[in-house]
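This is query_20.csv. It holds CSV, N, CA and C atoms and all ligand atoms.
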```csv
chain,number,residue,atom,x,y,z
X,1,MET,N,-15.0,-5.5,-101.9
X,1,MET,CA,-15.1,-4.1,-102.4
X,1,MET,C,-14.0,-3.2,-101.8
X,2,THR,N,-13.2,-2.6,-102.5
X,2,THR,CA,-12.3,-1.6,-101.9
X,2,THR,C,-12.6,-0.3,-102.4
X,3,ARG,N,-12.9,0.6,-101.5
X,3,ARG,CA,-13.1,2.0,-101.8
X,3,ARG,C,-11.8,2.7,-102.0
X,4,SER,N,-11.8,3.8,-102.7
X,4,SER,CA,-10.6,4.5,-102.8
X,4,SER,C,-10.9,6.0,-103.1
X,5,TRP,N,-10.0,6.8,-103.3
X,5,TRP,CA,-10.2,8.2,-103.6
X,5,TRP,C,-9.3,8.6,-104.7
X,6,PRO,N,-9.6,9.7,-105.4
X,6,PRO,CA,-8.7,10.1,-106.5
X,6,PRO,C,-7.4,10.7,-106.0
X,7,CYS,N,-6.4,10.5,-106.8
X,7,CYS,CA,-5.0,11.0,-106.5
X,7,CYS,C,-5.0,12.5,-106.6
X,8,ASP,N,-4.3,13.2,-105.7
X,8,ASP,CA,-4.2,14.6,-105.7
X,8,ASP,C,-3.5,15.1,-106.9
X,9,HIS,N,-2.6,14.3,-107.4
X,9,HIS,CA,-1.7,14.7,-108.5
X,9,HIS,C,-2.2,14.5,-109.9
X,10,CYS,N,-2.8,13.3,-110.1
X,10,CYS,CA,-3.2,13.0,-111.4
X,10,CYS,C,-4.7,12.6,-111.5
X,11,ASP,N,-5.4,12.5,-110.4
X,11,ASP,CA,-6.8,12.2,-110.4
X,11,ASP,C,-7.1,10.7,-110.7
X,12,ALA,N,-6.1,9.8,-110.9
X,12,ALA,CA,-6.4,8.4,-111.0
X,12,ALA,C,-6.9,7.9,-109.7
X,13,ALA,N,-7.6,6.7,-109.7
X,13,ALA,CA,-8.0,6.1,-108.4
X,13,ALA,C,-6.8,5.6,-107.6
X,14,MET,N,-6.7,5.9,-106.4
X,14,MET,CA,-5.6,5.4,-105.6
X,14,MET,C,-5.9,4.1,-104.9
X,15,HIS,N,-4.9,3.3,-104.7
X,15,HIS,CA,-5.1,2.0,-104.0
X,15,HIS,C,-5.0,2.3,-102.5
X,16,VAL,N,-6.0,2.1,-101.7
X,16,VAL,CA,-6.0,2.4,-100.3
X,16,VAL,C,-6.0,1.2,-99.4
X,17,THR,N,-5.1,1.2,-98.4
X,17,THR,CA,-5.1,0.1,-97.5
X,17,THR,C,-5.2,0.6,-96.1
X,18,VAL,N,-6.2,0.1,-95.3
X,18,VAL,CA,-6.3,0.6,-93.9
X,18,VAL,C,-6.1,-0.5,-93.0
X,19,SER,N,-5.4,-0.2,-91.9
X,19,SER,CA,-5.2,-1.3,-90.9
X,19,SER,C,-5.4,-0.7,-89.5
X,20,GLN,N,-5.7,-1.6,-88.6
X,20,GLN,CA,-6.0,-1.2,-87.2
X,20,GLN,C,-5.5,-2.3,-86.3
X,21,THR,N,-4.8,-2.0,-85.3
X,21,THR,CA,-4.2,-3.0,-84.4
X,21,THR,C,-4.4,-2.5,-82.9
X,22,VAL,N,-4.1,-3.4,-82.0
X,22,VAL,CA,-4.1,-3.0,-80.6
X,22,VAL,C,-2.7,-2.9,-80.1
X,23,GLU,N,-2.3,-1.8,-79.6
X,23,GLU,CA,-1.0,-1.6,-79.1
X,23,GLU,C,-1.0,-1.0,-77.7
X,24,ARG,N,-0.5,-1.7,-76.7
X,24,ARG,CA,-0.5,-1.3,-75.3
X,24,ARG,C,-1.8,-0.8,-74.8
X,25,ASP,N,-2.9,-1.6,-75.0
X,25,ASP,CA,-4.2,-1.2,-74.5
X,25,ASP,C,-4.8,0.0,-75.2
X,26,ARG,N,-4.4,0.3,-76.4
X,26,ARG,CA,-5.0,1.3,-77.2
X,26,ARG,C,-5.1,0.8,-78.6
X,27,LEU,N,-6.0,1.5,-79.4
X,27,LEU,CA,-6.1,1.2,-80.8
X,27,LEU,C,-5.1,2.0,-81.6
X,28,ALA,N,-4.5,1.4,-82.5
X,28,ALA,CA,-3.6,2.2,-83.4
X,28,ALA,C,-4.1,1.9,-84.8
X,29,TRP,N,-4.1,2.9,-85.7
X,29,TRP,CA,-4.5,2.7,-87.1
X,29,TRP,C,-3.6,3.4,-88.1
X,30,SER,N,-3.6,2.9,-89.3
X,30,SER,CA,-2.8,3.5,-90.3
X,30,SER,C,-3.5,3.3,-91.6
X,31,VAL,N,-3.3,4.3,-92.5
X,31,VAL,CA,-3.9,4.2,-93.8
X,31,VAL,C,-2.8,4.5,-94.8
X,32,SER,N,-2.6,3.7,-95.8
X,32,SER,CA,-1.6,4.1,-96.9
X,32,SER,C,-2.3,4.1,-98.2
X,33,SER,N,-2.1,5.1,-99.0
X,33,SER,CA,-2.7,5.1,-100.3
X,33,SER,C,-1.5,5.3,-101.3
X,34,ALA,N,-1.7,4.6,-102.5
X,34,ALA,CA,-0.7,4.6,-103.5
X,34,ALA,C,-1.4,4.8,-104.9
X,35,CYS,N,-0.8,5.6,-105.7
X,35,CYS,CA,-1.3,5.8,-107.0
X,35,CYS,C,-0.4,5.0,-108.0
X,36,ALA,N,-1.0,4.1,-108.7
X,36,ALA,CA,-0.3,3.3,-109.7
X,36,ALA,C,0.1,4.1,-110.9
X,37,SER,N,-0.6,5.1,-111.1
X,37,SER,CA,-0.4,5.8,-112.4
X,37,SER,C,0.8,6.9,-112.3
X,38,CYS,N,0.9,7.6,-111.1
X,38,CYS,CA,2.0,8.6,-111.1
X,38,CYS,C,3.0,8.3,-109.9
X,39,GLY,N,2.7,7.3,-109.1
X,39,GLY,CA,3.6,6.9,-108.0
X,39,GLY,C,3.4,7.7,-106.7
X,40,ASN,N,2.4,8.6,-106.7
X,40,ASN,CA,2.2,9.4,-105.5
X,40,ASN,C,1.8,8.4,-104.4
X,41,ALA,N,2.3,8.7,-103.2
X,41,ALA,CA,1.9,7.8,-102.0
X,41,ALA,C,1.8,8.6,-100.8
X,42,GLU,N,0.8,8.2,-100.0
X,42,GLU,CA,0.5,8.9,-98.7
X,42,GLU,C,0.3,8.0,-97.6
X,43,GLU,N,0.8,8.4,-96.4
X,43,GLU,CA,0.6,7.5,-95.2
X,43,GLU,C,0.0,8.4,-94.2
X,44,GLN,N,-0.9,7.8,-93.4
X,44,GLN,CA,-1.5,8.6,-92.3
X,44,GLN,C,-1.7,7.6,-91.1
X,45,CYS,N,-1.4,8.0,-89.9
X,45,CYS,CA,-1.7,7.1,-88.8
X,45,CYS,C,-2.2,7.8,-87.6
X,46,GLY,N,-2.7,7.1,-86.7
X,46,GLY,CA,-3.3,7.7,-85.5
X,46,GLY,C,-3.6,6.7,-84.4
X,47,ARG,N,-4.1,7.2,-83.3
X,47,ARG,CA,-4.4,6.3,-82.2
X,47,ARG,C,-5.9,6.5,-81.8
X,48,ASP,N,-6.4,5.5,-81.1
X,48,ASP,CA,-7.8,5.5,-80.6
X,48,ASP,C,-8.7,5.5,-81.8
X,49,ASP,N,-9.8,6.2,-81.7
X,49,ASP,CA,-10.9,6.1,-82.7
X,49,ASP,C,-10.4,6.6,-84.1
X,50,MET,N,-10.7,5.9,-85.1
X,50,MET,CA,-10.4,6.4,-86.5
X,50,MET,C,-11.4,7.3,-87.0
X,51,PRO,N,-11.1,8.2,-87.9
X,51,PRO,CA,-12.1,9.0,-88.6
X,51,PRO,C,-13.2,8.0,-89.2
X,52,PRO,N,-14.5,8.4,-89.1
X,52,PRO,CA,-15.5,7.5,-89.6
X,52,PRO,C,-15.4,7.0,-91.0
X,53,GLN,N,-14.9,7.8,-91.9
X,53,GLN,CA,-14.8,7.5,-93.3
X,53,GLN,C,-13.7,6.3,-93.4
X,54,LEU,N,-12.6,6.4,-92.7
X,54,LEU,CA,-11.6,5.4,-92.7
X,54,LEU,C,-12.1,4.1,-92.1
X,55,ARG,N,-12.9,4.2,-91.0
X,55,ARG,CA,-13.4,3.0,-90.4
X,55,ARG,C,-14.3,2.3,-91.3
X,56,GLU,N,-15.1,3.0,-92.1
X,56,GLU,CA,-16.0,2.4,-93.2
X,56,GLU,C,-15.1,1.6,-94.1
X,57,LEU,N,-14.0,2.2,-94.5
X,57,LEU,CA,-13.1,1.6,-95.5
X,57,LEU,C,-12.5,0.3,-94.9
X,58,LEU,N,-12.1,0.4,-93.6
X,58,LEU,CA,-11.5,-0.7,-92.9
X,58,LEU,C,-12.6,-1.9,-92.8
X,59,ILE,N,-13.8,-1.5,-92.5
X,59,ILE,CA,-14.9,-2.6,-92.5
X,59,ILE,C,-15.1,-3.2,-93.8
X,60,ASP,N,-15.0,-2.4,-94.9
X,60,ASP,CA,-15.0,-3.0,-96.2
X,60,ASP,C,-13.9,-4.1,-96.4
X,61,GLN,N,-12.8,-3.8,-95.8
X,61,GLN,CA,-11.6,-4.7,-96.1
X,61,GLN,C,-11.5,-5.8,-95.1
X,62,VAL,N,-11.9,-5.6,-93.8
X,62,VAL,CA,-11.7,-6.7,-92.9
X,62,VAL,C,-13.0,-7.3,-92.3
X,63,GLY,N,-14.2,-6.6,-92.5
X,63,GLY,CA,-15.4,-7.0,-92.0
X,63,GLY,C,-15.6,-6.7,-90.5
X,64,LEU,N,-16.7,-7.2,-89.9
X,64,LEU,CA,-17.0,-7.0,-88.5
X,64,LEU,C,-17.1,-8.3,-87.8
X,65,VAL,N,-16.8,-8.2,-86.5
X,65,VAL,CA,-16.9,-9.4,-85.6
X,65,VAL,C,-17.8,-9.1,-84.5
X,66,ILE,N,-18.2,-10.2,-83.8
X,66,ILE,CA,-19.1,-10.0,-82.7
X,66,ILE,C,-18.5,-10.6,-81.4
X,67,LEU,N,-18.6,-9.8,-80.3
X,67,LEU,CA,-18.1,-10.3,-79.0
X,67,LEU,C,-19.3,-10.5,-78.1
X,68,GLN,N,-19.3,-11.6,-77.5
X,68,GLN,CA,-20.5,-11.9,-76.6
X,68,GLN,C,-20.0,-12.4,-75.2
X,69,ALA,N,-20.8,-12.2,-74.2
X,69,ALA,CA,-20.4,-12.7,-72.9
X,69,ALA,C,-21.6,-13.5,-72.4
X,70,ASP,N,-21.3,-14.5,-71.6
X,70,ASP,CA,-22.4,-15.3,-71.0
X,70,ASP,C,-23.1,-14.5,-69.9
X,71,ALA,N,-24.4,-14.4,-70.0
X,71,ALA,CA,-25.2,-13.6,-69.1
X,71,ALA,C,-25.0,-14.0,-67.6
X,72,GLU,N,-25.1,-15.3,-67.4
X,72,GLU,CA,-25.1,-15.8,-66.1
X,72,GLU,C,-23.7,-15.6,-65.4
X,73,THR,N,-22.7,-16.0,-66.0
X,73,THR,CA,-21.3,-15.9,-65.4
X,73,THR,C,-20.9,-14.4,-65.4
X,74,SER,N,-21.4,-13.6,-66.2
X,74,SER,CA,-21.1,-12.2,-66.2
X,74,SER,C,-21.6,-11.4,-65.0
X,75,GLN,N,-22.7,-12.0,-64.5
X,75,GLN,CA,-23.4,-11.3,-63.4
X,75,GLN,C,-22.5,-10.9,-62.2
X,76,ARG,N,-21.6,-11.8,-61.9
X,76,ARG,CA,-20.7,-11.5,-60.7
X,76,ARG,C,-19.6,-10.5,-61.1
X,77,SER,N,-19.3,-10.3,-62.4
X,77,SER,CA,-18.3,-9.4,-62.8
X,77,SER,C,-18.9,-8.1,-63.3
X,78,ARG,N,-20.3,-8.0,-63.2
X,78,ARG,CA,-21.0,-6.9,-63.8
X,78,ARG,C,-20.5,-5.5,-63.5
X,79,THR,N,-20.2,-5.2,-62.2
X,79,THR,CA,-19.7,-3.9,-61.9
X,79,THR,C,-18.4,-3.6,-62.5
X,80,ARG,N,-17.5,-4.6,-62.5
X,80,ARG,CA,-16.2,-4.4,-63.1
X,80,ARG,C,-16.3,-4.2,-64.6
X,81,MET,N,-17.2,-5.0,-65.2
X,81,MET,CA,-17.4,-4.9,-66.7
X,81,MET,C,-18.0,-3.5,-67.1
X,82,LEU,N,-18.9,-3.0,-66.2
X,82,LEU,CA,-19.5,-1.7,-66.5
X,82,LEU,C,-18.4,-0.6,-66.4
X,83,ALA,N,-17.5,-0.8,-65.5
X,83,ALA,CA,-16.4,0.1,-65.3
X,83,ALA,C,-15.5,0.1,-66.5
X,84,VAL,N,-15.4,-1.0,-67.2
X,84,VAL,CA,-14.6,-1.1,-68.5
X,84,VAL,C,-15.2,-0.1,-69.5
X,85,PHE,N,-16.5,-0.2,-69.7
X,85,PHE,CA,-17.2,0.6,-70.6
X,85,PHE,C,-17.1,2.1,-70.2
X,86,ARG,N,-17.2,2.4,-68.9
X,86,ARG,CA,-17.1,3.7,-68.4
X,86,ARG,C,-15.7,4.3,-68.7
X,87,ALA,N,-14.7,3.5,-68.5
X,87,ALA,CA,-13.3,3.9,-68.8
X,87,ALA,C,-13.1,4.1,-70.2
X,88,GLY,N,-13.9,3.5,-71.1
X,88,GLY,CA,-13.8,3.7,-72.5
X,88,GLY,C,-14.6,4.9,-73.0
X,89,GLY,N,-15.2,5.7,-72.1
X,89,GLY,CA,-15.8,6.9,-72.5
X,89,GLY,C,-17.3,6.9,-72.5
X,90,ALA,N,-17.9,5.7,-72.2
X,90,ALA,CA,-19.4,5.6,-72.2
X,90,ALA,C,-20.0,6.3,-71.0
X,91,THR,N,-21.2,6.8,-71.1
X,91,THR,CA,-21.9,7.3,-69.9
X,91,THR,C,-22.4,6.1,-69.2
X,92,ILE,N,-23.0,6.3,-68.0
X,92,ILE,CA,-23.5,5.2,-67.2
X,92,ILE,C,-24.6,4.5,-68.0
X,93,HIS,N,-25.5,5.3,-68.6
X,93,HIS,CA,-26.6,4.7,-69.4
X,93,HIS,C,-26.1,3.9,-70.5
X,94,GLU,N,-25.1,4.4,-71.2
X,94,GLU,CA,-24.5,3.7,-72.4
X,94,GLU,C,-23.8,2.4,-71.9
X,95,SER,N,-23.2,2.5,-70.8
X,95,SER,CA,-22.4,1.3,-70.3
X,95,SER,C,-23.4,0.2,-70.0
X,96,VAL,N,-24.6,0.6,-69.4
X,96,VAL,CA,-25.6,-0.4,-69.1
X,96,VAL,C,-26.1,-1.0,-70.4
X,97,SER,N,-26.4,-0.2,-71.4
X,97,SER,CA,-26.9,-0.7,-72.7
X,97,SER,C,-25.8,-1.6,-73.3
X,98,ARG,N,-24.6,-1.2,-73.2
X,98,ARG,CA,-23.5,-2.1,-73.9
X,98,ARG,C,-23.4,-3.4,-73.1
X,99,TYR,N,-23.5,-3.3,-71.8
X,99,TYR,CA,-23.4,-4.6,-71.0
X,99,TYR,C,-24.6,-5.5,-71.4
X,100,ARG,N,-25.8,-4.9,-71.6
X,100,ARG,CA,-27.0,-5.7,-72.0
X,100,ARG,C,-26.7,-6.3,-73.4
X,101,ALA,N,-26.2,-5.5,-74.3
X,101,ALA,CA,-26.0,-6.0,-75.6
X,101,ALA,C,-25.0,-7.1,-75.6
X,102,LEU,N,-23.9,-6.9,-74.8
X,102,LEU,CA,-22.8,-7.9,-74.7
X,102,LEU,C,-23.3,-9.3,-74.2
X,103,THR,N,-24.2,-9.2,-73.3
X,103,THR,CA,-24.7,-10.5,-72.7
X,103,THR,C,-26.0,-11.0,-73.4
X,104,ASN,N,-26.4,-10.3,-74.5
X,104,ASN,CA,-27.5,-10.8,-75.3
X,104,ASN,C,-27.0,-11.2,-76.7
X,105,SER,N,-27.2,-10.3,-77.6
X,105,SER,CA,-26.9,-10.7,-79.0
X,105,SER,C,-25.4,-10.4,-79.3
X,106,GLY,N,-24.7,-9.7,-78.4
X,106,GLY,CA,-23.3,-9.4,-78.6
X,106,GLY,C,-23.1,-8.0,-79.1
X,107,ILE,N,-21.8,-7.5,-79.1
X,107,ILE,CA,-21.4,-6.2,-79.5
X,107,ILE,C,-20.6,-6.4,-80.8
X,108,GLU,N,-21.0,-5.6,-81.8
X,108,GLU,CA,-20.3,-5.7,-83.1
X,108,GLU,C,-19.2,-4.6,-83.3
X,109,GLY,N,-18.1,-5.0,-83.8
X,109,GLY,CA,-17.1,-4.0,-84.1
X,109,GLY,C,-16.0,-4.5,-85.0
X,110,THR,N,-15.0,-3.7,-85.3
X,110,THR,CA,-13.9,-4.2,-86.1
X,110,THR,C,-13.1,-5.3,-85.3
X,111,PRO,N,-12.4,-6.1,-85.9
X,111,PRO,CA,-11.6,-7.1,-85.1
X,111,PRO,C,-10.7,-6.5,-84.1
X,112,ALA,N,-10.0,-5.4,-84.4
X,112,ALA,CA,-9.1,-4.8,-83.4
X,112,ALA,C,-9.9,-4.2,-82.2
X,113,GLU,N,-11.0,-3.5,-82.6
X,113,GLU,CA,-11.8,-2.9,-81.5
X,113,GLU,C,-12.3,-3.9,-80.5
X,114,MET,N,-12.8,-5.1,-81.1
X,114,MET,CA,-13.3,-6.1,-80.3
X,114,MET,C,-12.2,-6.9,-79.5
X,115,LYS,N,-11.0,-6.9,-80.1
X,115,LYS,CA,-9.9,-7.6,-79.4
X,115,LYS,C,-9.5,-6.7,-78.1
X,116,LEU,N,-9.5,-5.4,-78.3
X,116,LEU,CA,-9.2,-4.5,-77.2
X,116,LEU,C,-10.2,-4.6,-76.1
X,117,LEU,N,-11.5,-4.6,-76.5
X,117,LEU,CA,-12.6,-4.7,-75.6
X,117,LEU,C,-12.5,-6.1,-74.9
X,118,ALA,N,-12.2,-7.1,-75.6
X,118,ALA,CA,-12.2,-8.5,-75.1
X,118,ALA,C,-11.0,-8.5,-74.0
X,119,ASP,N,-9.9,-8.0,-74.3
X,119,ASP,CA,-8.8,-8.0,-73.4
X,119,ASP,C,-9.2,-7.3,-72.1
X,120,ARG,N,-9.8,-6.1,-72.2
X,120,ARG,CA,-10.2,-5.3,-71.0
X,120,ARG,C,-11.2,-6.1,-70.2
X,121,LEU,N,-12.2,-6.6,-70.9
X,121,LEU,CA,-13.3,-7.3,-70.2
X,121,LEU,C,-12.8,-8.6,-69.6
X,122,THR,N,-11.9,-9.3,-70.2
X,122,THR,CA,-11.3,-10.5,-69.6
X,122,THR,C,-10.6,-10.2,-68.3
X,123,ARG,N,-9.8,-9.1,-68.4
X,123,ARG,CA,-9.1,-8.6,-67.1
X,123,ARG,C,-10.2,-8.3,-66.0
X,124,ALA,N,-11.4,-7.9,-66.4
X,124,ALA,CA,-12.4,-7.5,-65.5
X,124,ALA,C,-13.2,-8.8,-65.0
X,125,GLY,N,-12.8,-9.9,-65.5
X,125,GLY,CA,-13.4,-11.2,-65.0
X,125,GLY,C,-14.5,-11.7,-65.9
X,126,ALA,N,-14.7,-11.2,-67.1
X,126,ALA,CA,-15.7,-11.6,-68.0
X,126,ALA,C,-15.3,-13.0,-68.7
X,127,LEU,N,-16.3,-13.8,-68.9
X,127,LEU,CA,-16.1,-15.0,-69.7
X,127,LEU,C,-16.7,-14.8,-71.1
X,128,LEU,N,-15.9,-14.7,-72.1
X,128,LEU,CA,-16.3,-14.2,-73.4
X,128,LEU,C,-16.4,-15.3,-74.4
X,129,ARG,N,-17.3,-15.1,-75.4
X,129,ARG,CA,-17.3,-15.8,-76.7
X,129,ARG,C,-16.9,-14.9,-77.8
X,130,GLY,N,-16.0,-15.3,-78.6
X,130,GLY,CA,-15.6,-14.4,-79.7
X,130,GLY,C,-14.4,-13.6,-79.3
X,131,PRO,N,-13.9,-12.6,-80.1
X,131,PRO,CA,-14.6,-12.2,-81.3
X,131,PRO,C,-14.8,-13.2,-82.4
X,132,GLU,N,-16.0,-13.3,-82.9
X,132,GLU,CA,-16.2,-14.2,-84.1
X,132,GLU,C,-16.8,-13.4,-85.2
X,133,ALA,N,-16.5,-13.9,-86.4
X,133,ALA,CA,-17.0,-13.2,-87.6
X,133,ALA,C,-18.5,-13.1,-87.5
X,134,SER,N,-19.1,-11.9,-87.9
X,134,SER,CA,-20.5,-11.7,-87.8
X,134,SER,C,-21.2,-12.1,-89.1
F,1,ZN,ZN,-1.5,9.9,-109.3
```
Encoded form (structure tokens):
Amino acid sequence: MTRSWPCDHCDAAMHVTVSQTVERDRLAWSVSSACASCGNAEEQCGRDDMPPQLRELLIDQVGLVILQADAETSQRSRTRMLAVFRAGGATIHESVSRYRALTNSGIEGTPAEMKLLADRLTRAGALLRGPEAS
């Protein structure tokens, strides 16, 4: 399913493509929309978190993946792994919940979000499974 929105110029449905990548330890995203009926085209891009509406659209297009870490081997890297979540903007409480999720059923996110997290956690000494399609 591809969601789209109406063209500003002619009101026809625009074809919208969203992408998200990891660039130098940050997320980068872009959205391009094109109108087949009048040729109107728009591009938008940004860094870090994407606007929620665009993230939904991205998930429609690429799906979600799960990142998991082994609970036993993570134990010795726990402090450094918590620091990764803290550096990503989570509170101490949130970091602990994310660590628990990671070492249980896993954390779900877009492929690029989980790749970035996997890179950071691997540098912190985590032994990971995934990202795998959820
Ligand atoms: Zn148009």
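Going from atom N of Asp8 in chain X to CA of Ser32 in chain X covers 12.9 Å.
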Polymer residues at most 6 Å from range 102-111 of chain X, only N, CA and C atoms, same-chain spacing of 2 or more positions, as an MDAnalysis selection string: chainID X and resid 63:71 97:100 113:115
re atom C of Ala36 in chain X and CA of Leu57 in chain X: distance 20.4 Å
Please give the complete set of residues from chain X that DSSP, run on the backbone, assigns to alpha helix (DSSP H), formatted as a PyMOL selection string. chain X and resi 52-62+71-74+78-87+92-102+111-123
Against ligand ZN 1 (chain F), which residues of chain X fall within 5 Å? For each one I want the closest pair of atoms and the distance in Å (one decimal), counting only N, CA and C atoms and all ligand atoms, rows by chain and increasing residue number, as a tab-separated table.
```
residue	atom	partner	partner_atom	distance
X:Cys7	CA	F:ZN1	ZN	4.6
X:His9	C	F:ZN1	ZN	4.7
X:Cys10	N	F:ZN1	ZN	3.7
X:Asp11	N	F:ZN1	ZN	4.8
X:Ala12	N	F:ZN1	ZN	4.9
X:Cys35	CA	F:ZN1	ZN	4.7
X:Ser37	C	F:ZN1	ZN	4.8
X:Cys38	N	F:ZN1	ZN	3.8
X:Gly39	N	F:ZN1	ZN	4.9
X:Asn40	N	F:ZN1	ZN	4.9
```
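The nearest approach to Ala133 in chain X among the residues X:Met50, X:Pro6, X:Val31, X:Ile59, with only C-alpha atoms taken into account, belongs to X:Ile59.
Distances here use all atoms listed in the file; by that measure, the residue among X:Ala124, X:Ala90, X:Cys45, X:Ala34 closest to Arg76 in chain X is X:Ala124.
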From (-4.1, 1.9, -78.1), in the file's coordinates, out to 12 Å: which residues are reached, counting only C-alpha atoms? Answer as a short mmCIF file (atom, residue, chain, number, x, y, z; two decimals) with N, CA and C atoms, in the coordinates of the input.
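The file below, part-v9.cif, is the result:
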```cif
data_model
loop_
_atom_site.label_atom_id
_atom_site.label_comp_id
_atom_site.auth_asym_id
_atom_site.auth_seq_id
_atom_site.Cartn_x
_atom_site.Cartn_y
_atom_site.Cartn_z
N GLN X 20 -5.70 -1.60 -88.60
CA GLN X 20 -6.00 -1.20 -87.20
C GLN X 20 -5.50 -2.30 -86.30
N THR X 21 -4.80 -2.00 -85.30
CA THR X 21 -4.20 -3.00 -84.40
C THR X 21 -4.40 -2.50 -82.90
N VAL X 22 -4.10 -3.40 -82.00
CA VAL X 22 -4.10 -3.00 -80.60
C VAL X 22 -2.70 -2.90 -80.10
N GLU X 23 -2.30 -1.80 -79.60
CA GLU X 23 -1.00 -1.60 -79.10
C GLU X 23 -1.00 -1.00 -77.70
N ARG X 24 -0.50 -1.70 -76.70
CA ARG X 24 -0.50 -1.30 -75.30
C ARG X 24 -1.80 -0.80 -74.80
N ASP X 25 -2.90 -1.60 -75.00
CA ASP X 25 -4.20 -1.20 -74.50
C ASP X 25 -4.80 0.00 -75.20
N ARG X 26 -4.40 0.30 -76.40
CA ARG X 26 -5.00 1.30 -77.20
C ARG X 26 -5.10 0.80 -78.60
N LEU X 27 -6.00 1.50 -79.40
CA LEU X 27 -6.10 1.20 -80.80
C LEU X 27 -5.10 2.00 -81.60
N ALA X 28 -4.50 1.40 -82.50
CA ALA X 28 -3.60 2.20 -83.40
C ALA X 28 -4.10 1.90 -84.80
N TRP X 29 -4.10 2.90 -85.70
CA TRP X 29 -4.50 2.70 -87.10
C TRP X 29 -3.60 3.40 -88.10
N GLY X 46 -2.70 7.10 -86.70
CA GLY X 46 -3.30 7.70 -85.50
C GLY X 46 -3.60 6.70 -84.40
N ARG X 47 -4.10 7.20 -83.30
CA ARG X 47 -4.40 6.30 -82.20
C ARG X 47 -5.90 6.50 -81.80
N ASP X 48 -6.40 5.50 -81.10
CA ASP X 48 -7.80 5.50 -80.60
C ASP X 48 -8.70 5.50 -81.80
N ASP X 49 -9.80 6.20 -81.70
CA ASP X 49 -10.90 6.10 -82.70
C ASP X 49 -10.40 6.60 -84.10
N MET X 50 -10.70 5.90 -85.10
CA MET X 50 -10.40 6.40 -86.50
C MET X 50 -11.40 7.30 -87.00
N GLY X 88 -13.90 3.50 -71.10
CA GLY X 88 -13.80 3.70 -72.50
C GLY X 88 -14.60 4.90 -73.00
N ALA X 112 -10.00 -5.40 -84.40
CA ALA X 112 -9.10 -4.80 -83.40
C ALA X 112 -9.90 -4.20 -82.20
N GLU X 113 -11.00 -3.50 -82.60
CA GLU X 113 -11.80 -2.90 -81.50
C GLU X 113 -12.30 -3.90 -80.50
N LYS X 115 -11.00 -6.90 -80.10
CA LYS X 115 -9.90 -7.60 -79.40
C LYS X 115 -9.50 -6.70 -78.10
N LEU X 116 -9.50 -5.40 -78.30
CA LEU X 116 -9.20 -4.50 -77.20
C LEU X 116 -10.20 -4.60 -76.10
N LEU X 117 -11.50 -4.60 -76.50
CA LEU X 117 -12.60 -4.70 -75.60
C LEU X 117 -12.50 -6.10 -74.90
N ASP X 119 -9.90 -8.00 -74.30
CA ASP X 119 -8.80 -8.00 -73.40
C ASP X 119 -9.20 -7.30 -72.10
N ARG X 120 -9.80 -6.10 -72.20
CA ARG X 120 -10.20 -5.30 -71.00
C ARG X 120 -11.20 -6.10 -70.20
#
```
Calculate how many Å separate CA of Thr91 in chain X from atom C of Leu121 in chain X, rounding to one decimal.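 Atom C of Leu121 in chain X lies 18.3 Å from CA of Thr91 in chain X.
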